[in-house]
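The structure file target31.txt is reproduced below (compact mmCIF, C-alpha atoms).
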# COMPACT_ATOMS: atom_id res chain seq x y z
CA MET X 113 30.45 0.09 65.58
CA ILE X 114 33.70 1.85 66.47
CA GLU X 115 34.14 5.60 66.69
CA PRO X 116 35.86 7.00 63.57
CA LEU X 117 39.63 7.02 63.34
CA GLU X 118 41.11 10.51 63.42
CA LEU X 119 43.21 11.46 60.39
CA LEU X 120 46.28 13.31 61.69
CA TRP X 121 48.26 13.52 58.44
CA GLU X 122 48.35 11.96 54.99
CA GLU X 123 50.64 12.40 52.01
CA PRO X 124 48.78 14.10 49.16
CA GLY X 125 48.07 12.27 45.92
CA LEU X 126 47.83 8.70 47.23
CA PRO X 127 45.78 6.17 45.22
CA ASP X 128 42.13 6.31 46.22
CA PHE X 129 39.56 3.58 45.64
CA GLY X 130 36.79 5.82 46.93
CA LEU X 131 35.48 4.12 50.03
CA PRO X 132 31.71 3.80 50.47
CA PRO X 133 30.36 6.56 52.76
CA LYS X 134 30.04 4.31 55.83
CA LEU X 135 33.67 3.18 55.56
CA HIS X 136 34.97 6.63 54.68
CA ALA X 137 33.31 8.00 57.80
CA LEU X 138 35.23 5.48 59.92
CA TYR X 139 38.50 5.71 57.94
CA PRO X 140 38.83 9.33 56.79
CA GLY X 141 41.28 10.24 54.05
CA THR X 142 42.18 7.98 51.16
CA LEU X 143 42.79 4.29 50.73
CA GLY X 144 43.84 2.59 47.52
CA PHE X 145 46.71 0.77 45.85
CA ASP X 146 48.45 0.81 42.52
CA ARG X 147 48.68 -2.56 40.80
CA PRO X 148 50.69 -4.67 41.22
CA SER X 149 51.17 -4.07 44.93
CA LEU X 150 52.16 -6.14 47.95
CA PHE X 151 51.19 -4.66 51.30
CA VAL X 152 51.55 -6.01 54.82
CA ASN X 153 49.69 -5.40 58.07
CA PHE X 154 51.01 -5.77 61.63
CA VAL X 155 50.16 -4.69 65.15
CA SER X 156 53.01 -3.97 67.55
CA THR X 157 53.48 -2.95 71.16
CA ILE X 158 55.32 0.31 71.85
CA ASP X 159 58.49 -1.71 72.50
CA GLY X 160 58.27 -3.53 69.18
CA VAL X 161 56.77 -6.95 69.98
CA VAL X 162 54.44 -8.26 67.26
CA SER X 163 54.07 -11.90 68.28
CA ILE X 164 54.37 -14.12 71.36
CA PRO X 165 54.32 -17.62 69.85
CA ALA X 166 53.68 -19.36 73.17
CA THR X 167 50.48 -17.35 73.70
CA PRO X 168 47.43 -18.27 71.62
CA ARG X 169 46.02 -15.39 69.57
CA SER X 170 48.81 -13.14 70.76
CA ASN X 171 47.95 -10.54 68.12
CA ARG X 172 44.69 -9.82 69.96
CA LEU X 173 46.64 -9.53 73.23
CA ILE X 174 49.20 -7.22 71.61
CA SER X 175 46.50 -5.03 70.09
CA ASP X 176 44.85 -4.70 73.53
CA GLN X 177 41.69 -6.25 72.06
CA SER X 178 41.41 -3.28 69.71
CA ASP X 179 38.28 -3.27 67.55
CA PRO X 180 39.69 -0.43 65.41
CA ASP X 181 42.68 -2.66 64.63
CA ARG X 182 40.26 -5.41 63.54
CA PHE X 183 38.41 -2.87 61.43
CA VAL X 184 41.58 -1.80 59.61
CA MET X 185 42.42 -5.48 59.06
CA ALA X 186 39.00 -5.99 57.48
CA LEU X 187 39.43 -2.89 55.33
CA LEU X 188 42.80 -4.01 53.98
CA ARG X 189 41.47 -7.48 53.23
CA ALA X 190 38.57 -5.85 51.41
CA CYS X 191 41.06 -4.10 49.09
CA ALA X 192 43.06 -7.25 48.35
CA ASP X 193 42.82 -9.79 45.56
CA VAL X 194 44.48 -12.37 47.78
CA VAL X 195 45.54 -12.79 51.42
CA LEU X 196 48.92 -14.55 51.61
CA ILE X 197 50.15 -16.22 54.79
CA SER X 198 52.89 -18.67 55.78
CA SER X 199 52.47 -22.15 57.20
CA GLY X 200 53.61 -20.82 60.58
CA THR X 201 50.74 -18.34 60.62
CA LEU X 202 48.28 -21.03 59.55
CA ASN X 203 49.46 -23.51 62.17
CA GLY X 204 49.49 -20.81 64.85
CA SER X 205 45.81 -19.99 64.23
CA PRO X 206 44.04 -23.36 64.11
CA GLN X 207 40.60 -21.75 63.80
CA GLY X 208 41.62 -18.71 61.73
CA LEU X 209 39.71 -17.59 58.64
CA TRP X 210 41.45 -14.91 56.59
CA ASN X 211 38.40 -13.34 55.02
CA ALA X 212 37.23 -9.73 54.87
CA THR X 213 33.60 -9.68 55.91
CA ASP X 214 34.07 -11.64 59.15
CA ALA X 215 37.17 -9.76 60.35
CA TYR X 216 35.04 -6.96 61.79
CA PRO X 217 31.39 -8.10 61.68
CA PRO X 218 29.76 -4.69 62.39
CA ALA X 219 31.17 -3.42 59.06
CA ALA X 220 30.52 -6.62 57.07
CA ALA X 221 27.83 -5.10 54.85
CA ALA X 222 29.95 -2.03 54.04
CA ILE X 223 32.99 -4.25 53.37
CA ALA X 224 30.90 -6.35 50.96
CA ASP X 225 29.77 -3.13 49.26
CA LEU X 226 33.38 -2.02 48.80
CA ARG X 227 34.36 -5.29 47.17
CA HIS X 228 31.36 -5.04 44.87
CA ARG X 229 32.34 -1.49 43.87
CA LEU X 230 35.87 -2.71 43.12
CA SER X 231 34.45 -5.54 40.94
CA LEU X 232 36.03 -8.10 43.26
CA PRO X 233 34.54 -11.43 44.37
CA PRO X 234 32.86 -11.50 47.81
CA GLU X 235 36.07 -12.62 49.54
CA PRO X 236 39.77 -12.36 48.63
CA ALA X 237 41.53 -15.48 47.48
CA PHE X 238 43.58 -17.27 50.13
CA ALA X 239 47.12 -18.58 49.66
CA VAL X 240 49.53 -20.38 52.00
CA LEU X 241 53.29 -20.60 51.56
CA THR X 242 54.75 -23.85 52.88
CA GLY X 243 58.03 -25.23 51.64
CA SER X 244 57.80 -28.45 53.64
CA GLY X 245 54.06 -29.09 53.37
CA SER X 246 53.79 -29.23 57.16
CA ILE X 247 50.25 -27.95 57.52
CA ASP X 248 47.01 -29.37 58.85
CA PRO X 249 45.00 -30.46 55.80
CA GLU X 250 41.81 -30.20 57.87
CA HIS X 251 42.35 -26.53 58.77
CA PRO X 252 39.02 -24.71 58.30
CA ALA X 253 40.65 -22.09 56.05
CA LEU X 254 41.70 -24.74 53.53
CA VAL X 255 38.47 -24.94 51.59
CA ALA X 256 37.85 -25.15 47.85
CA GLY X 257 39.74 -22.42 46.05
CA ALA X 258 42.58 -22.13 48.57
CA LEU X 259 46.07 -22.13 47.07
CA ILE X 260 49.03 -23.97 48.57
CA LEU X 261 52.32 -22.59 47.24
CA THR X 262 55.01 -25.15 47.91
CA THR X 263 58.04 -27.04 46.64
CA GLU X 264 58.28 -30.53 45.16
CA PRO X 265 59.08 -32.08 48.58
CA GLY X 266 56.21 -30.11 50.10
CA ALA X 267 53.76 -31.32 47.48
CA ALA X 268 54.94 -34.90 48.04
CA ALA X 269 54.43 -34.53 51.80
CA LEU X 270 50.90 -33.21 51.27
CA GLY X 271 50.03 -35.99 48.84
CA ALA X 272 46.29 -36.43 48.53
CA ARG X 273 45.50 -35.31 52.09
CA LEU X 274 43.94 -31.97 51.15
CA ARG X 275 40.23 -31.39 50.65
CA ASP X 276 38.82 -31.38 47.13
CA GLY X 277 39.23 -28.04 45.42
CA VAL X 278 42.38 -27.00 47.27
CA GLU X 279 45.04 -26.31 44.65
CA VAL X 280 48.71 -27.13 45.10
CA ALA X 281 51.20 -25.11 43.04
CA VAL X 282 54.77 -26.41 42.90
CA LEU X 283 57.24 -23.53 42.76
CA PRO X 284 61.03 -23.35 42.70
CA GLY X 285 62.97 -22.87 45.89
CA GLU X 286 66.56 -22.01 46.73
CA HIS X 287 66.52 -24.80 49.29
CA GLU X 288 64.32 -27.89 49.34
CA VAL X 289 61.91 -26.55 51.95
CA GLU X 290 61.95 -22.83 51.14
CA VAL X 291 59.62 -21.44 48.50
CA ASP X 292 61.13 -18.79 46.26
CA LEU X 293 59.14 -15.71 47.30
CA GLU X 294 59.62 -13.86 44.02
CA ALA X 295 58.35 -16.93 42.15
CA ALA X 296 55.33 -17.04 44.47
CA VAL X 297 54.50 -13.39 43.74
CA ARG X 298 54.90 -13.98 40.00
CA PHE X 299 52.57 -16.97 40.24
CA LEU X 300 49.88 -14.89 41.98
CA HIS X 301 50.25 -12.08 39.45
CA ALA X 302 49.81 -14.58 36.61
CA ARG X 303 46.50 -15.53 38.20
CA GLY X 304 45.41 -11.90 38.11
CA LEU X 305 45.95 -11.55 41.87
CA THR X 306 47.98 -8.36 41.75
CA ALA X 307 46.86 -6.71 45.01
CA ILE X 308 48.51 -8.99 47.58
CA LEU X 309 47.98 -8.55 51.33
CA SER X 310 50.57 -10.51 53.29
CA GLU X 311 49.53 -11.46 56.81
CA ALA X 312 52.48 -13.79 57.30
CA GLY X 313 54.76 -13.38 60.27
CA PRO X 314 57.93 -11.35 60.88
CA THR X 315 60.30 -13.99 59.46
CA MET X 316 58.57 -13.96 56.09
CA LEU X 317 58.40 -10.17 56.23
CA GLY X 318 62.16 -10.08 56.66
CA ALA X 319 62.67 -12.33 53.64
CA MET X 320 60.27 -10.24 51.55
CA LEU X 321 61.99 -7.01 52.55
CA ALA X 322 65.38 -8.46 51.64
CA GLU X 323 64.04 -9.29 48.18
CA ARG X 324 62.42 -5.85 47.77
CA LEU X 325 58.95 -7.33 47.35
CA VAL X 326 57.06 -5.15 49.87
CA ASP X 327 55.45 -1.92 48.68
CA GLU X 328 53.60 -0.77 51.79
CA LEU X 329 53.48 -1.45 55.52
CA PHE X 330 50.43 -0.78 57.69
CA LEU X 331 51.47 -0.77 61.34
CA THR X 332 49.15 -0.40 64.31
CA VAL X 333 51.05 0.73 67.40
CA SER X 334 49.27 -0.44 70.54
CA PRO X 335 49.70 1.50 73.80
CA LEU X 336 50.97 -1.65 75.54
CA LEU X 337 54.52 -2.55 76.55
CA ALA X 338 55.40 -6.25 76.29
CA GLY X 339 58.90 -6.46 77.77
CA ARG X 340 61.38 -9.30 77.29
CA SER X 341 62.74 -11.57 80.00
CA GLY X 342 64.43 -14.23 77.88
CA GLU X 343 62.11 -16.91 79.27
CA ASP X 344 59.95 -17.01 76.16
CA VAL X 345 60.29 -15.90 72.56
CA ARG X 346 58.86 -12.50 71.71
CA LEU X 347 59.21 -11.56 68.07
CA GLY X 348 59.88 -8.13 66.63
CA LEU X 349 58.55 -6.77 63.35
CA VAL X 350 61.40 -8.23 61.26
CA GLU X 351 62.98 -11.57 62.15
CA GLY X 352 65.42 -14.03 60.61
CA ILE X 353 67.58 -11.57 58.74
CA ASP X 354 69.94 -8.65 59.39
CA LEU X 355 69.03 -5.67 57.23
CA LEU X 356 71.57 -3.24 58.66
CA PRO X 357 74.28 -2.34 58.03
CA GLU X 358 74.59 -4.07 54.63
CA THR X 359 70.98 -3.94 53.43
CA ARG X 360 69.25 -0.57 53.67
CA VAL X 361 65.47 -0.83 53.57
CA ALA X 362 64.05 2.67 53.95
CA SER X 363 60.47 3.84 54.10
CA ARG X 364 58.49 7.04 53.85
CA LEU X 365 55.54 7.94 56.00
CA LEU X 366 52.29 7.98 54.00
CA GLY X 367 49.68 8.46 56.69
CA VAL X 368 48.98 8.74 60.42
CA ARG X 369 45.64 8.04 62.06
CA ARG X 370 44.67 7.75 65.70
CA HIS X 371 41.99 6.02 67.70
CA GLY X 372 42.30 6.66 71.41
CA ALA X 373 45.82 5.62 72.39
CA HIS X 374 46.36 3.50 69.25
CA LEU X 375 48.29 4.87 66.26
CA PHE X 376 47.68 3.61 62.73
CA LEU X 377 50.72 4.23 60.56
CA ARG X 378 51.10 3.71 56.83
CA TYR X 379 54.53 3.52 55.21
CA GLY X 380 55.74 3.21 51.65
CA ILE X 381 58.76 0.92 51.40
CA LYS X 382 61.55 2.05 49.07
Show how you would write the structure in this file as structure tokens.
Amino acid sequence: MIEPLELLWEEPGLPDFGLPPKLHALYPGTLGFDRPSLFVNFVSTIDGVVSIPATPRSNRLISDQSDPDRFVMALLRACADVVLISSGTLNGSPQGLWNATDAYPPAAAAIADLRHRLSLPPEPAFAVLTGSGSIDPEHPALVAGALILTTEPGAAALGARLRDGVEVAVLPGEHEVEVDLEAAVRFLHARGLTAILSEAGPTMLGAMLAERLVDELFLTVSPLLAGRSGEDVRLGLVEGIDLLPETRVASRLLGVRRHGAHLFLRYGIK
């Protein structure tokens, strides 16, 4: 088990689910969300790199193999009704499973206790956004109960290739292979999935920020520097859209925690 994170500062009056004692000891302070809420979680190097697509499991590399980062990931999943990812994230993690109890195994029992206290099922629901339907139907995360949020062309491309019990929801899209993100959020809310954790990549984050869909950002800052040489693609936190100068997306600091040389920042997005 990790050593506890150190609480350096936290805004008073934040929502508080009341973590079980074992989790509260590791994550001091408060953790909770108003409903509905969409929150995102990233790990970044000091110089702002969050993903190296050419490197398998680059998030583990970027985090410097940080177990506390895995713990916070597990904790956020434990608070969520649904984990939402994009097809790019799914395809980039061919063995990934976006559940709560396996994200940080030493805390699995305490994570299960938290979900029980919150009257949530053992694991959050799992949803994938894919406008084109270009996903591996045999991916181990696509089991019964998984949701595929797609367009009409995407649903046609998927056909009957998915396992039994995987649900396909056809949603509107501005373009043929782009799912309308606001429609996707409305669909999840209609299912009662109002605490949404997005673990999609920086391109989808940019689109969500532009549509004012994001309520909170959890950002782990690793002590590593990644650099950029131009020889491979290294993605920053927000990709695919220019937010400044025309679009102003501001945030306020909600909390700061530390574990060794890693910082764990929590922001509210205005």
Show me, as a Markdown table, the residues of stretch 254-304 of chain X having an atom within 12 Å of stretch 192-207 of chain X, each with the closest atom pair and its distance in Å, using all atoms listed in the file.
| residue | atom | partner | partner_atom | distance |
| --- | --- | --- | --- | --- |
| X:Leu254 | CA | X:Leu202 | CA | 9.7 |
| X:Gly257 | CA | X:Val194 | CA | 11.2 |
| X:Ala258 | CA | X:Val194 | CA | 10.0 |
| X:Leu259 | CA | X:Leu196 | CA | 9.3 |
| X:Ile260 | CA | X:Ser199 | CA | 9.5 |
| X:Leu261 | CA | X:Ser198 | CA | 9.4 |
| X:Thr262 | CA | X:Ser199 | CA | 10.1 |
| X:Gly266 | CA | X:Ser199 | CA | 11.3 |
| X:Val289 | CA | X:Ser199 | CA | 11.7 |
| X:Glu290 | CA | X:Ser198 | CA | 11.0 |
| X:Val291 | CA | X:Ser198 | CA | 10.3 |
| X:Leu293 | CA | X:Ser198 | CA | 10.9 |
| X:Ala296 | CA | X:Leu196 | CA | 9.9 |
| X:Val297 | CA | X:Leu196 | CA | 9.7 |
| X:Phe299 | CA | X:Val194 | CA | 12.0 |
| X:Leu300 | CA | X:Val194 | CA | 8.3 |
| X:His301 | CA | X:Asp193 | CA | 9.9 |
| X:Arg303 | CA | X:Asp193 | CA | 10.0 |
| X:Gly304 | CA | X:Asp193 | CA | 8.2 |
| message | Please report the interatomic distance between atom CA of X:Asp128 and atom CA of X:Leu143 in Å with one decimal. | response |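 Interatomic distance here is 5.0 Å.
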| query | Hey, can you check how far atom CA of X:Gly277 sits from atom CA of X:Asp248? | reply | 15.6 Å
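In this structure, atom CA of X:Ala269 sits 24.1 Å away from atom CA of X:Glu311.
Shown here are all protein and nucleic acid residues lying within 12 Å of (44.8, 16.5, 60.2), with all atoms listed in the file considered: Leu117, Glu118, Leu119, Leu120, Trp121, Glu122, Glu123, Pro124, Pro140, Gly141, Gly367, Val368, Arg369 and Arg370 of chain X.
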| remark: The residue from X:Ser246, X:Ser175, X:Thr359, X:Ser149 with the smallest atom-to-atom distance to X:Val333, counting all atoms listed in the file, is X:Ser175
| request: With a distance cut-off of 9 Å and only C-alpha atoms, select the neighbouring residues of X:Gly339, excluding the residue or stretch itself and same-chain residues fewer than 3 positions from it, and output the selection as a list in words. | output: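 Final neighbour list, sorted by chain and number: Asp159, Val161 and Arg346 of chain X.
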Taking 4 positions as the minimum chain separation for residues in the same chain, which residues sit within 9 Å of X:Ser163 when counting all atoms listed in the file? Answer as a CSV table (one decimal) with C-alpha atoms, in the coordinates of the input.
chain,number,residue,atom,x,y,z
X,155,VAL,CA,50.2,-4.7,65.2
X,156,SER,CA,53.0,-4.0,67.6
X,167,THR,CA,50.5,-17.4,73.7
X,169,ARG,CA,46.0,-15.4,69.6
X,170,SER,CA,48.8,-13.1,70.8
X,171,ASN,CA,48.0,-10.5,68.1
X,174,ILE,CA,49.2,-7.2,71.6
X,313,GLY,CA,54.8,-13.4,60.3
X,314,PRO,CA,57.9,-11.4,60.9
X,345,VAL,CA,60.3,-15.9,72.6
X,346,ARG,CA,58.9,-12.5,71.7
X,347,LEU,CA,59.2,-11.6,68.1
X,348,GLY,CA,59.9,-8.1,66.6
X,349,LEU,CA,58.6,-6.8,63.4
| task | Give the answer as one residue: which of X:Ala373, X:Ile353, X:Ala222, X:Leu209 has the shortest atom-to-atom distance to X:Ser334, using all atoms listed in the file? | result |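 Under the stated criterion, the closest residue is X:Ala373.
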| message | Which residue is closest to X:Leu135? Choose from X:Val152, X:Ile114, X:Leu274, X:Ile223 and count all atoms listed in the file. | response |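 Among X:Val152, X:Ile114, X:Leu274, X:Ile223, it is X:Ile223 that comes nearest to X:Leu135.
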| query | X:Thr315: which residues within 8 Å, counting all atoms listed in the file, same-chain residues fewer than 6 positions away excluded, as a VMD selection string? | reply | chain X and resid 350 to 353
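Nearest residue to X:Asp292, choosing from X:Glu250, X:Glu323, X:Glu279, X:Glu235 and counting all atoms listed in the file: X:Glu323.
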Take every atom of stretch 232-236 of chain X listed in the file, pad by 3 Å on each side, and give me the axis-aligned box centre and edge lengths in Å, one decimal, as JSON.
{"center_x": 36.3, "center_y": -10.4, "center_z": 46.4, "size_x": 12.9, "size_y": 10.5, "size_z": 12.3}
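Among the candidates X:Asp181, X:Asp146, X:Glu328, X:Asp176, the residue lying nearest to X:His371 is X:Asp181 (atoms considered: all atoms listed in the file).
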| said: as a list in words, please: the residues near X:Gly208 (cut-off 9 Å, only C-alpha atoms, same-chain neighbours under 5 positions excluded). | reply: Leu202, His251, Pro252 and Ala253 of chain X
| field | Given all atoms listed in the file as the counted atoms, nearest of X:Val278, X:Leu131, X:Val162, X:Ala219 to X:Leu331 | value |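 Of X:Val278, X:Leu131, X:Val162, X:Ala219, the one nearest X:Leu331, counting all atoms listed in the file, is X:Val162.
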Fix up stretch 356-379 of chain X with N, CA and C atoms, then write it as a PDB file, in the frame of the given file.
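What ended up in part-v8.pdb:
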ATOM      1  N   LEU X 356      70.501  -4.218  58.487  1.00  0.00           N
ATOM      2  CA  LEU X 356      71.570  -3.240  58.660  1.00  0.00           C
ATOM      3  C   LEU X 356      72.798  -3.933  59.255  1.00  0.00           C
ATOM      4  N   PRO X 357      74.000  -3.531  58.839  1.00  0.00           N
ATOM      5  CA  PRO X 357      74.280  -2.340  58.030  1.00  0.00           C
ATOM      6  C   PRO X 357      74.290  -2.574  56.510  1.00  0.00           C
ATOM      7  N   GLU X 358      74.386  -3.847  56.053  1.00  0.00           N
ATOM      8  CA  GLU X 358      74.590  -4.070  54.630  1.00  0.00           C
ATOM      9  C   GLU X 358      73.373  -3.743  53.779  1.00  0.00           C
ATOM     10  N   THR X 359      72.186  -4.120  54.235  1.00  0.00           N
ATOM     11  CA  THR X 359      70.980  -3.940  53.430  1.00  0.00           C
ATOM     12  C   THR X 359      70.173  -2.782  54.010  1.00  0.00           C
ATOM     13  N   ARG X 360      69.998  -1.748  53.206  1.00  0.00           N
ATOM     14  CA  ARG X 360      69.250  -0.570  53.670  1.00  0.00           C
ATOM     15  C   ARG X 360      67.842  -0.629  53.103  1.00  0.00           C
ATOM     16  N   VAL X 361      66.865  -0.854  53.977  1.00  0.00           N
ATOM     17  CA  VAL X 361      65.470  -0.830  53.570  1.00  0.00           C
ATOM     18  C   VAL X 361      64.843   0.397  54.227  1.00  0.00           C
ATOM     19  N   ALA X 362      64.593   1.411  53.428  1.00  0.00           N
ATOM     20  CA  ALA X 362      64.050   2.670  53.950  1.00  0.00           C
ATOM     21  C   ALA X 362      62.567   2.765  53.634  1.00  0.00           C
ATOM     22  N   SER X 363      61.894   3.651  54.330  1.00  0.00           N
ATOM     23  CA  SER X 363      60.470   3.840  54.100  1.00  0.00           C
ATOM     24  C   SER X 363      60.144   5.318  54.196  1.00  0.00           C
ATOM     25  N   ARG X 364      58.971   5.667  53.688  1.00  0.00           N
ATOM     26  CA  ARG X 364      58.490   7.040  53.850  1.00  0.00           C
ATOM     27  C   ARG X 364      57.099   6.981  54.461  1.00  0.00           C
ATOM     28  N   LEU X 365      56.826   7.907  55.329  1.00  0.00           N
ATOM     29  CA  LEU X 365      55.540   7.940  56.000  1.00  0.00           C
ATOM     30  C   LEU X 365      54.471   8.420  55.025  1.00  0.00           C
ATOM     31  N   LEU X 366      53.378   7.633  54.910  1.00  0.00           N
ATOM     32  CA  LEU X 366      52.290   7.980  54.000  1.00  0.00           C
ATOM     33  C   LEU X 366      51.054   8.482  54.738  1.00  0.00           C
ATOM     34  N   GLY X 367      50.869   8.032  55.988  1.00  0.00           N
ATOM     35  CA  GLY X 367      49.680   8.460  56.690  1.00  0.00           C
ATOM     36  C   GLY X 367      49.750   8.138  58.169  1.00  0.00           C
ATOM     37  N   VAL X 368      49.059   8.949  58.971  1.00  0.00           N
ATOM     38  CA  VAL X 368      48.980   8.740  60.420  1.00  0.00           C
ATOM     39  C   VAL X 368      47.523   8.940  60.839  1.00  0.00           C
ATOM     40  N   ARG X 369      46.979   7.941  61.502  1.00  0.00           N
ATOM     41  CA  ARG X 369      45.640   8.040  62.060  1.00  0.00           C
ATOM     42  C   ARG X 369      45.705   7.626  63.529  1.00  0.00           C
ATOM     43  N   ARG X 370      44.689   8.038  64.272  1.00  0.00           N
ATOM     44  CA  ARG X 370      44.670   7.750  65.700  1.00  0.00           C
ATOM     45  C   ARG X 370      43.279   7.313  66.116  1.00  0.00           C
ATOM     46  N   HIS X 371      43.251   6.373  67.045  1.00  0.00           N
ATOM     47  CA  HIS X 371      41.990   6.020  67.700  1.00  0.00           C
ATOM     48  C   HIS X 371      42.308   5.801  69.170  1.00  0.00           C
ATOM     49  N   GLY X 372      41.909   6.745  70.013  1.00  0.00           N
ATOM     50  CA  GLY X 372      42.300   6.660  71.410  1.00  0.00           C
ATOM     51  C   GLY X 372      43.812   6.684  71.533  1.00  0.00           C
ATOM     52  N   ALA X 373      44.372   5.691  72.205  1.00  0.00           N
ATOM     53  CA  ALA X 373      45.820   5.620  72.390  1.00  0.00           C
ATOM     54  C   ALA X 373      46.520   4.791  71.327  1.00  0.00           C
ATOM     55  N   HIS X 374      45.772   4.279  70.338  1.00  0.00           N
ATOM     56  CA  HIS X 374      46.360   3.500  69.250  1.00  0.00           C
ATOM     57  C   HIS X 374      46.706   4.417  68.080  1.00  0.00           C
ATOM     58  N   LEU X 375      47.882   4.181  67.482  1.00  0.00           N
ATOM     59  CA  LEU X 375      48.290   4.870  66.260  1.00  0.00           C
ATOM     60  C   LEU X 375      48.220   3.903  65.090  1.00  0.00           C
ATOM     61  N   PHE X 376      47.783   4.413  63.947  1.00  0.00           N
ATOM     62  CA  PHE X 376      47.680   3.610  62.730  1.00  0.00           C
ATOM     63  C   PHE X 376      48.554   4.284  61.679  1.00  0.00           C
ATOM     64  N   LEU X 377      49.690   3.653  61.412  1.00  0.00           N
ATOM     65  CA  LEU X 377      50.720   4.230  60.560  1.00  0.00           C
ATOM     66  C   LEU X 377      50.739   3.507  59.210  1.00  0.00           C
ATOM     67  N   ARG X 378      50.973   4.279  58.166  1.00  0.00           N
ATOM     68  CA  ARG X 378      51.100   3.710  56.830  1.00  0.00           C
ATOM     69  C   ARG X 378      52.413   4.175  56.236  1.00  0.00           C
ATOM     70  N   TYR X 379      53.217   3.213  55.781  1.00  0.00           N
ATOM     71  CA  TYR X 379      54.530   3.520  55.210  1.00  0.00           C
ATOM     72  C   TYR X 379      54.625   2.976  53.793  1.00  0.00           C
TER      73      TYR X 379
END
